[in-house]
Amino acid sequence: MFDDLIRKRRSIRRFRDQSVEPEKIDMLMEAALRAPSSRSLNPWEFVMVDDRPLLAKLAACKPHGASFLAQAPLGIVVCADPARCDVWVEDCAIAVTFIQLMATALDLGSCWIQVRKREHASGCPARDDIARHLDLPEQLEVEAMIAIGYPAQPKAGHARDTLLFDRVHQNGFGKPYRFKQSV
């Protein structure tokens, strides 16, 4: 059930030293391709990376928040051509979400690595460092990378009492939505 899936999903940054099976990679990539896209323009491109030395290079694309990719058995780089669609960022974000939910459904862990608007330690855009390692065409922008693998330790979903229920409004800002279930 979908509600069980979203309750189970967590960001995982530590992975077992175990490859992701080809069938599961196929399912992850199919999930990405099934993601909704504005006007069905599908501006995204996906680069699946399972080469450990290459993952280590990609993990150094920015000073913080990507190092765990080096220990993941799989990474997916989500790119798009902004000339194809004015809402490529949103389309890529939806595709990443589909990939992460499929990973959870397959008992894999995953974690989003923000790339767009981030810099490499040298000061150049993180995208340029990634593009150099992956031979990306000039027109492609990188939205994010996703680290994927089998979690090193089980991690429970977020407890319901930690959710920010006060951020839900009804019929106008500042008018709290009253949840029917006890909070």
# chains A, B, ... in the order shown; residues from 1 in each chain; ligands from 1
$ residues_around --residues "Ala80 of chain A" --least-positions-apart "6" --cutoff "9 Å" --atoms "only C-alpha atoms" --output "PyMOL selection string"
chain A and resi 42-46+88-89+91-92+139-143
$ atom_distance --atom1 "atom CA of Leu101 of chain A" --atom2 "atom CA of Lys8 of chain A"
9.5 Å
$ atom_distance --atom1 "atom CA of Gln114 of chain A" --atom2 "atom CA of Met145 of chain A"
6.7 Å
$ atom_distance --atom1 "atom CA of Gly149 of chain A" --atom2 "atom CA of Glu30 of chain A"
17.0 Å
$ select_by_dssp --residues "chain A" --states "alpha helix (DSSP H)" --output "PyMOL selection string"
chain A and resi 2-8+22-33+52-59+88-105+126-134
$ residues_around --residues "Thr104 of chain A" --least-positions-apart "6" --cutoff "10 Å" --atoms "only C-alpha atoms" --output "list in words"
Leu5, Ile6, Lys8, Arg9, Arg10, Ser11, Phe98, Ser110, Ile148 and Tyr150 of chain A
$ write_last_selection --atoms "C-alpha atoms" --output "PDB file, in the first residue's frame"
ATOM      1  CA  LEU A   5       5.548   2.979   1.548  1.00  0.00           C
ATOM      2  CA  ILE A   6       5.645   6.688   2.400  1.00  0.00           C
ATOM      3  CA  LYS A   8       8.648   3.625   5.657  1.00  0.00           C
ATOM      4  CA  ARG A   9      10.815   5.878   3.426  1.00  0.00           C
ATOM      5  CA  ARG A  10      13.850   7.509   5.040  1.00  0.00           C
ATOM      6  CA  SER A  11      17.039   9.077   3.744  1.00  0.00           C
ATOM      7  CA  PHE A  98       9.544   8.164  -8.058  1.00  0.00           C
ATOM      8  CA  SER A 110      18.274   6.083  -1.000  1.00  0.00           C
ATOM      9  CA  ILE A 148      21.031   3.889  -3.651  1.00  0.00           C
ATOM     10  CA  TYR A 150      20.964  -1.791   0.799  1.00  0.00           C
TER      11      TYR A 150
END
$ closest_residue --among "A:Pro151, A:Pro137, A:Pro36, A:Gly157" --to "Arg7 of chain A" --atoms "only C-alpha atoms"
A:Gly157
$ residues_around --residues "Ala147 of chain A" --least-positions-apart "3" --cutoff "8 Å" --atoms "only C-alpha atoms" --output "PyMOL selection string"
chain A and resi 13+68-69+72-76+110-113
$ select_by_dssp --residues "segment 8-138 of chain A" --states "strand (DSSP E or B)" --output "JSON, numbers by chain"
{"A": [11, 15, 44, 45, 46, 47, 48, 49, 74, 75, 76, 77, 78, 79, 80, 109, 110, 111, 112, 113, 114, 119, 125]}
$ residues_around --residues "Ala60 of chain A" --least-positions-apart "3" --cutoff "10 Å" --atoms "only C-alpha atoms" --output "list in words"
Leu55, Ala56, Lys57, Pro63, His64, Gly65, Ala66, Ser67, Phe68, Leu69, Ala70, His120, Ala121, Ala126, Asp129 and Ile130 of chain A
$ write_last_selection --atoms "N, CA, C and O atoms" --output "PDB file, in the first residue's frame"
ATOM      1  N   LEU A  55      31.826   6.590  -8.852  1.00  0.00           N
ATOM      2  CA  LEU A  55      30.973   7.067  -7.756  1.00  0.00           C
ATOM      3  C   LEU A  55      31.790   7.916  -6.781  1.00  0.00           C
ATOM      4  O   LEU A  55      31.310   8.945  -6.295  1.00  0.00           O
ATOM      5  N   ALA A  56      33.022   7.508  -6.509  1.00  0.00           N
ATOM      6  CA  ALA A  56      33.889   8.271  -5.603  1.00  0.00           C
ATOM      7  C   ALA A  56      34.196   9.653  -6.185  1.00  0.00           C
ATOM      8  O   ALA A  56      34.211  10.654  -5.451  1.00  0.00           O
ATOM      9  N   LYS A  57      34.408   9.739  -7.485  1.00  0.00           N
ATOM     10  CA  LYS A  57      34.652  11.041  -8.123  1.00  0.00           C
ATOM     11  C   LYS A  57      33.412  11.920  -8.042  1.00  0.00           C
ATOM     12  O   LYS A  57      33.503  13.119  -7.744  1.00  0.00           O
ATOM     13  N   PRO A  63      31.514  20.232  -1.462  1.00  0.00           N
ATOM     14  CA  PRO A  63      32.179  19.998  -0.166  1.00  0.00           C
ATOM     15  C   PRO A  63      31.334  19.269   0.877  1.00  0.00           C
ATOM     16  O   PRO A  63      31.874  18.590   1.736  1.00  0.00           O
ATOM     17  N   HIS A  64      30.019  19.411   0.824  1.00  0.00           N
ATOM     18  CA  HIS A  64      29.161  18.825   1.861  1.00  0.00           C
ATOM     19  C   HIS A  64      27.963  18.126   1.231  1.00  0.00           C
ATOM     20  O   HIS A  64      27.412  18.582   0.244  1.00  0.00           O
ATOM     21  N   GLY A  65      27.553  17.040   1.843  1.00  0.00           N
ATOM     22  CA  GLY A  65      26.298  16.405   1.484  1.00  0.00           C
ATOM     23  C   GLY A  65      26.334  15.461   0.299  1.00  0.00           C
ATOM     24  O   GLY A  65      25.282  15.118  -0.240  1.00  0.00           O
ATOM     25  N   ALA A  66      27.529  15.015  -0.114  1.00  0.00           N
ATOM     26  CA  ALA A  66      27.602  14.065  -1.226  1.00  0.00           C
ATOM     27  C   ALA A  66      28.586  12.933  -0.955  1.00  0.00           C
ATOM     28  O   ALA A  66      28.606  11.960  -1.696  1.00  0.00           O
ATOM     29  N   SER A  67      29.381  13.033   0.084  1.00  0.00           N
ATOM     30  CA  SER A  67      30.461  12.067   0.318  1.00  0.00           C
ATOM     31  C   SER A  67      29.971  10.630   0.441  1.00  0.00           C
ATOM     32  O   SER A  67      30.666   9.698   0.049  1.00  0.00           O
ATOM     33  N   PHE A  68      28.766  10.426   0.958  1.00  0.00           N
ATOM     34  CA  PHE A  68      28.238   9.072   1.145  1.00  0.00           C
ATOM     35  C   PHE A  68      28.010   8.345  -0.175  1.00  0.00           C
ATOM     36  O   PHE A  68      27.910   7.121  -0.210  1.00  0.00           O
ATOM     37  N   LEU A  69      27.946   9.081  -1.287  1.00  0.00           N
ATOM     38  CA  LEU A  69      27.775   8.447  -2.592  1.00  0.00           C
ATOM     39  C   LEU A  69      28.947   7.505  -2.903  1.00  0.00           C
ATOM     40  O   LEU A  69      28.780   6.494  -3.581  1.00  0.00           O
ATOM     41  N   ALA A  70      30.114   7.820  -2.382  1.00  0.00           N
ATOM     42  CA  ALA A  70      31.301   6.992  -2.631  1.00  0.00           C
ATOM     43  C   ALA A  70      31.137   5.575  -2.085  1.00  0.00           C
ATOM     44  O   ALA A  70      31.762   4.640  -2.585  1.00  0.00           O
ATOM     45  N   HIS A 120      31.315  23.206  -6.404  1.00  0.00           N
ATOM     46  CA  HIS A 120      32.452  22.326  -6.136  1.00  0.00           C
ATOM     47  C   HIS A 120      33.388  23.076  -5.188  1.00  0.00           C
ATOM     48  O   HIS A 120      33.326  24.303  -5.073  1.00  0.00           O
ATOM     49  N   ALA A 121      34.272  22.387  -4.517  1.00  0.00           N
ATOM     50  CA  ALA A 121      35.226  23.027  -3.602  1.00  0.00           C
ATOM     51  C   ALA A 121      36.080  24.074  -4.305  1.00  0.00           C
ATOM     52  O   ALA A 121      36.512  25.054  -3.685  1.00  0.00           O
ATOM     53  N   ALA A 126      28.970  22.631  -9.195  1.00  0.00           N
ATOM     54  CA  ALA A 126      29.075  21.182  -9.001  1.00  0.00           C
ATOM     55  C   ALA A 126      28.705  20.459 -10.287  1.00  0.00           C
ATOM     56  O   ALA A 126      29.291  19.423 -10.616  1.00  0.00           O
ATOM     57  N   ASP A 129      31.724  19.785 -12.537  1.00  0.00           N
ATOM     58  CA  ASP A 129      32.567  18.674 -12.108  1.00  0.00           C
ATOM     59  C   ASP A 129      31.931  17.349 -12.510  1.00  0.00           C
ATOM     60  O   ASP A 129      32.603  16.460 -13.027  1.00  0.00           O
ATOM     61  N   ILE A 130      30.648  17.211 -12.291  1.00  0.00           N
ATOM     62  CA  ILE A 130      29.929  15.990 -12.663  1.00  0.00           C
ATOM     63  C   ILE A 130      29.973  15.796 -14.175  1.00  0.00           C
ATOM     64  O   ILE A 130      30.238  14.699 -14.666  1.00  0.00           O
TER      65      ILE A 130
END
$ closest_residue --among "A:Cys61, A:Leu41, A:Met1, A:Ile12" --to "Ala156 of chain A" --atoms "only C-alpha atoms"
A:Ile12
$ closest_residue --among "A:Arg39, A:Lys24, A:His158, A:Arg16" --to "Ala103 of chain A" --atoms "only C-alpha atoms"
A:Lys24
$ decode --residues "segment 99-114 of chain A" --atoms "all heavy atoms" --output "PDB file, in the first residue's frame"
ATOM      1  N   ILE A  99      11.897   7.520  -8.142  1.00  0.00           N
ATOM      2  CA  ILE A  99      13.030   6.620  -7.952  1.00  0.00           C
ATOM      3  C   ILE A  99      13.158   6.261  -6.468  1.00  0.00           C
ATOM      4  O   ILE A  99      13.332   5.094  -6.104  1.00  0.00           O
ATOM      5  CB  ILE A  99      14.340   7.246  -8.472  1.00  0.00           C
ATOM      6  CG1 ILE A  99      14.296   7.373 -10.002  1.00  0.00           C
ATOM      7  CG2 ILE A  99      15.551   6.437  -8.029  1.00  0.00           C
ATOM      8  CD1 ILE A  99      15.388   8.260 -10.580  1.00  0.00           C
ATOM      9  N   GLN A 100      13.066   7.256  -5.603  1.00  0.00           N
ATOM     10  CA  GLN A 100      13.228   6.998  -4.169  1.00  0.00           C
ATOM     11  C   GLN A 100      12.104   6.132  -3.614  1.00  0.00           C
ATOM     12  O   GLN A 100      12.351   5.263  -2.778  1.00  0.00           O
ATOM     13  CB  GLN A 100      13.340   8.309  -3.402  1.00  0.00           C
ATOM     14  CG  GLN A 100      14.664   9.012  -3.667  1.00  0.00           C
ATOM     15  CD  GLN A 100      14.906  10.115  -2.671  1.00  0.00           C
ATOM     16  OE1 GLN A 100      14.366  11.197  -2.802  1.00  0.00           O
ATOM     17  NE2 GLN A 100      15.725   9.815  -1.680  1.00  0.00           N
ATOM     18  N   LEU A 101      10.892   6.349  -4.069  1.00  0.00           N
ATOM     19  CA  LEU A 101       9.786   5.511  -3.599  1.00  0.00           C
ATOM     20  C   LEU A 101       9.925   4.085  -4.112  1.00  0.00           C
ATOM     21  O   LEU A 101       9.649   3.126  -3.381  1.00  0.00           O
ATOM     22  CB  LEU A 101       8.440   6.122  -3.986  1.00  0.00           C
ATOM     23  CG  LEU A 101       8.084   7.396  -3.222  1.00  0.00           C
ATOM     24  CD1 LEU A 101       6.816   8.029  -3.794  1.00  0.00           C
ATOM     25  CD2 LEU A 101       7.936   7.124  -1.730  1.00  0.00           C
ATOM     26  N   MET A 102      10.369   3.926  -5.363  1.00  0.00           N
ATOM     27  CA  MET A 102      10.598   2.573  -5.878  1.00  0.00           C
ATOM     28  C   MET A 102      11.719   1.904  -5.093  1.00  0.00           C
ATOM     29  O   MET A 102      11.628   0.719  -4.761  1.00  0.00           O
ATOM     30  CB  MET A 102      10.930   2.600  -7.365  1.00  0.00           C
ATOM     31  CG  MET A 102      11.200   1.209  -7.962  1.00  0.00           C
ATOM     32  SD  MET A 102       9.831   0.028  -7.774  1.00  0.00           S
ATOM     33  CE  MET A 102       8.760   0.578  -9.091  1.00  0.00           C
ATOM     34  N   ALA A 103      12.767   2.643  -4.766  1.00  0.00           N
ATOM     35  CA  ALA A 103      13.852   2.081  -3.964  1.00  0.00           C
ATOM     36  C   ALA A 103      13.301   1.555  -2.641  1.00  0.00           C
ATOM     37  O   ALA A 103      13.629   0.436  -2.221  1.00  0.00           O
ATOM     38  CB  ALA A 103      14.946   3.125  -3.718  1.00  0.00           C
ATOM     39  N   THR A 104      12.466   2.324  -1.993  1.00  0.00           N
ATOM     40  CA  THR A 104      11.868   1.895  -0.726  1.00  0.00           C
ATOM     41  C   THR A 104      11.033   0.636  -0.932  1.00  0.00           C
ATOM     42  O   THR A 104      11.117  -0.309  -0.142  1.00  0.00           O
ATOM     43  CB  THR A 104      11.008   3.020  -0.119  1.00  0.00           C
ATOM     44  OG1 THR A 104      11.830   4.173   0.074  1.00  0.00           O
ATOM     45  CG2 THR A 104      10.390   2.596   1.206  1.00  0.00           C
ATOM     46  N   ALA A 105      10.261   0.593  -2.010  1.00  0.00           N
ATOM     47  CA  ALA A 105       9.426  -0.577  -2.294  1.00  0.00           C
ATOM     48  C   ALA A 105      10.276  -1.823  -2.525  1.00  0.00           C
ATOM     49  O   ALA A 105       9.827  -2.941  -2.254  1.00  0.00           O
ATOM     50  CB  ALA A 105       8.547  -0.304  -3.518  1.00  0.00           C
ATOM     51  N   LEU A 106      11.512  -1.632  -2.993  1.00  0.00           N
ATOM     52  CA  LEU A 106      12.418  -2.750  -3.267  1.00  0.00           C
ATOM     53  C   LEU A 106      13.341  -3.062  -2.081  1.00  0.00           C
ATOM     54  O   LEU A 106      14.311  -3.799  -2.223  1.00  0.00           O
ATOM     55  CB  LEU A 106      13.265  -2.427  -4.506  1.00  0.00           C
ATOM     56  CG  LEU A 106      12.498  -2.265  -5.821  1.00  0.00           C
ATOM     57  CD1 LEU A 106      13.421  -1.740  -6.913  1.00  0.00           C
ATOM     58  CD2 LEU A 106      11.840  -3.577  -6.222  1.00  0.00           C
ATOM     59  N   ASP A 107      13.036  -2.469  -0.917  1.00  0.00           N
ATOM     60  CA  ASP A 107      13.848  -2.629   0.296  1.00  0.00           C
ATOM     61  C   ASP A 107      15.261  -2.100   0.132  1.00  0.00           C
ATOM     62  O   ASP A 107      16.211  -2.590   0.749  1.00  0.00           O
ATOM     63  CB  ASP A 107      13.870  -4.089   0.778  1.00  0.00           C
ATOM     64  CG  ASP A 107      12.500  -4.532   1.265  1.00  0.00           C
ATOM     65  OD1 ASP A 107      11.799  -3.708   1.883  1.00  0.00           O
ATOM     66  OD2 ASP A 107      12.122  -5.689   1.011  1.00  0.00           O
ATOM     67  N   LEU A 108      15.401  -1.076  -0.705  1.00  0.00           N
ATOM     68  CA  LEU A 108      16.669  -0.369  -0.877  1.00  0.00           C
ATOM     69  C   LEU A 108      16.574   0.958  -0.145  1.00  0.00           C
ATOM     70  O   LEU A 108      15.476   1.497   0.035  1.00  0.00           O
ATOM     71  CB  LEU A 108      16.946  -0.114  -2.360  1.00  0.00           C
ATOM     72  CG  LEU A 108      17.125  -1.344  -3.239  1.00  0.00           C
ATOM     73  CD1 LEU A 108      17.104  -0.952  -4.716  1.00  0.00           C
ATOM     74  CD2 LEU A 108      18.428  -2.048  -2.895  1.00  0.00           C
ATOM     75  N   GLY A 109      17.704   1.484   0.246  1.00  0.00           N
ATOM     76  CA  GLY A 109      17.744   2.820   0.823  1.00  0.00           C
ATOM     77  C   GLY A 109      18.200   3.795  -0.243  1.00  0.00           C
ATOM     78  O   GLY A 109      18.845   3.416  -1.227  1.00  0.00           O
ATOM     79  N   SER A 110      17.857   5.059  -0.049  1.00  0.00           N
ATOM     80  CA  SER A 110      18.274   6.083  -1.000  1.00  0.00           C
ATOM     81  C   SER A 110      18.391   7.427  -0.296  1.00  0.00           C
ATOM     82  O   SER A 110      17.813   7.625   0.769  1.00  0.00           O
ATOM     83  CB  SER A 110      17.274   6.199  -2.156  1.00  0.00           C
ATOM     84  OG  SER A 110      16.040   6.722  -1.703  1.00  0.00           O
ATOM     85  N   CYS A 111      19.148   8.314  -0.927  1.00  0.00           N
ATOM     86  CA  CYS A 111      19.258   9.668  -0.405  1.00  0.00           C
ATOM     87  C   CYS A 111      19.506  10.635  -1.556  1.00  0.00           C
ATOM     88  O   CYS A 111      20.358  10.401  -2.409  1.00  0.00           O
ATOM     89  CB  CYS A 111      20.386   9.776   0.623  1.00  0.00           C
ATOM     90  SG  CYS A 111      20.366  11.354   1.518  1.00  0.00           S
ATOM     91  N   TRP A 112      18.762  11.717  -1.561  1.00  0.00           N
ATOM     92  CA  TRP A 112      18.863  12.797  -2.537  1.00  0.00           C
ATOM     93  C   TRP A 112      20.142  13.576  -2.270  1.00  0.00           C
ATOM     94  O   TRP A 112      20.451  13.909  -1.125  1.00  0.00           O
ATOM     95  CB  TRP A 112      17.646  13.692  -2.373  1.00  0.00           C
ATOM     96  CG  TRP A 112      17.596  14.956  -3.172  1.00  0.00           C
ATOM     97  CD1 TRP A 112      18.472  15.992  -3.158  1.00  0.00           C
ATOM     98  CD2 TRP A 112      16.586  15.318  -4.104  1.00  0.00           C
ATOM     99  NE1 TRP A 112      18.075  16.984  -4.015  1.00  0.00           N
ATOM    100  CE2 TRP A 112      16.916  16.597  -4.611  1.00  0.00           C
ATOM    101  CE3 TRP A 112      15.425  14.701  -4.550  1.00  0.00           C
ATOM    102  CZ2 TRP A 112      16.124  17.265  -5.549  1.00  0.00           C
ATOM    103  CZ3 TRP A 112      14.642  15.370  -5.482  1.00  0.00           C
ATOM    104  CH2 TRP A 112      14.992  16.629  -5.972  1.00  0.00           C
ATOM    105  N   ILE A 113      20.862  13.907  -3.326  1.00  0.00           N
ATOM    106  CA  ILE A 113      22.035  14.778  -3.247  1.00  0.00           C
ATOM    107  C   ILE A 113      21.751  15.974  -4.152  1.00  0.00           C
ATOM    108  O   ILE A 113      21.693  15.839  -5.379  1.00  0.00           O
ATOM    109  CB  ILE A 113      23.325  14.047  -3.711  1.00  0.00           C
ATOM    110  CG1 ILE A 113      23.586  12.834  -2.823  1.00  0.00           C
ATOM    111  CG2 ILE A 113      24.510  15.013  -3.729  1.00  0.00           C
ATOM    112  CD1 ILE A 113      24.638  11.889  -3.377  1.00  0.00           C
ATOM    113  N   GLN A 114      21.536  17.116  -3.557  1.00  0.00           N
ATOM    114  CA  GLN A 114      21.241  18.323  -4.331  1.00  0.00           C
ATOM    115  C   GLN A 114      22.479  18.754  -5.103  1.00  0.00           C
ATOM    116  O   GLN A 114      23.562  18.858  -4.534  1.00  0.00           O
ATOM    117  CB  GLN A 114      20.780  19.459  -3.404  1.00  0.00           C
ATOM    118  CG  GLN A 114      20.461  20.750  -4.110  1.00  0.00           C
ATOM    119  CD  GLN A 114      19.288  20.626  -5.069  1.00  0.00           C
ATOM    120  OE1 GLN A 114      18.379  19.839  -4.860  1.00  0.00           O
ATOM    121  NE2 GLN A 114      19.301  21.408  -6.125  1.00  0.00           N
TER     122      GLN A 114
END
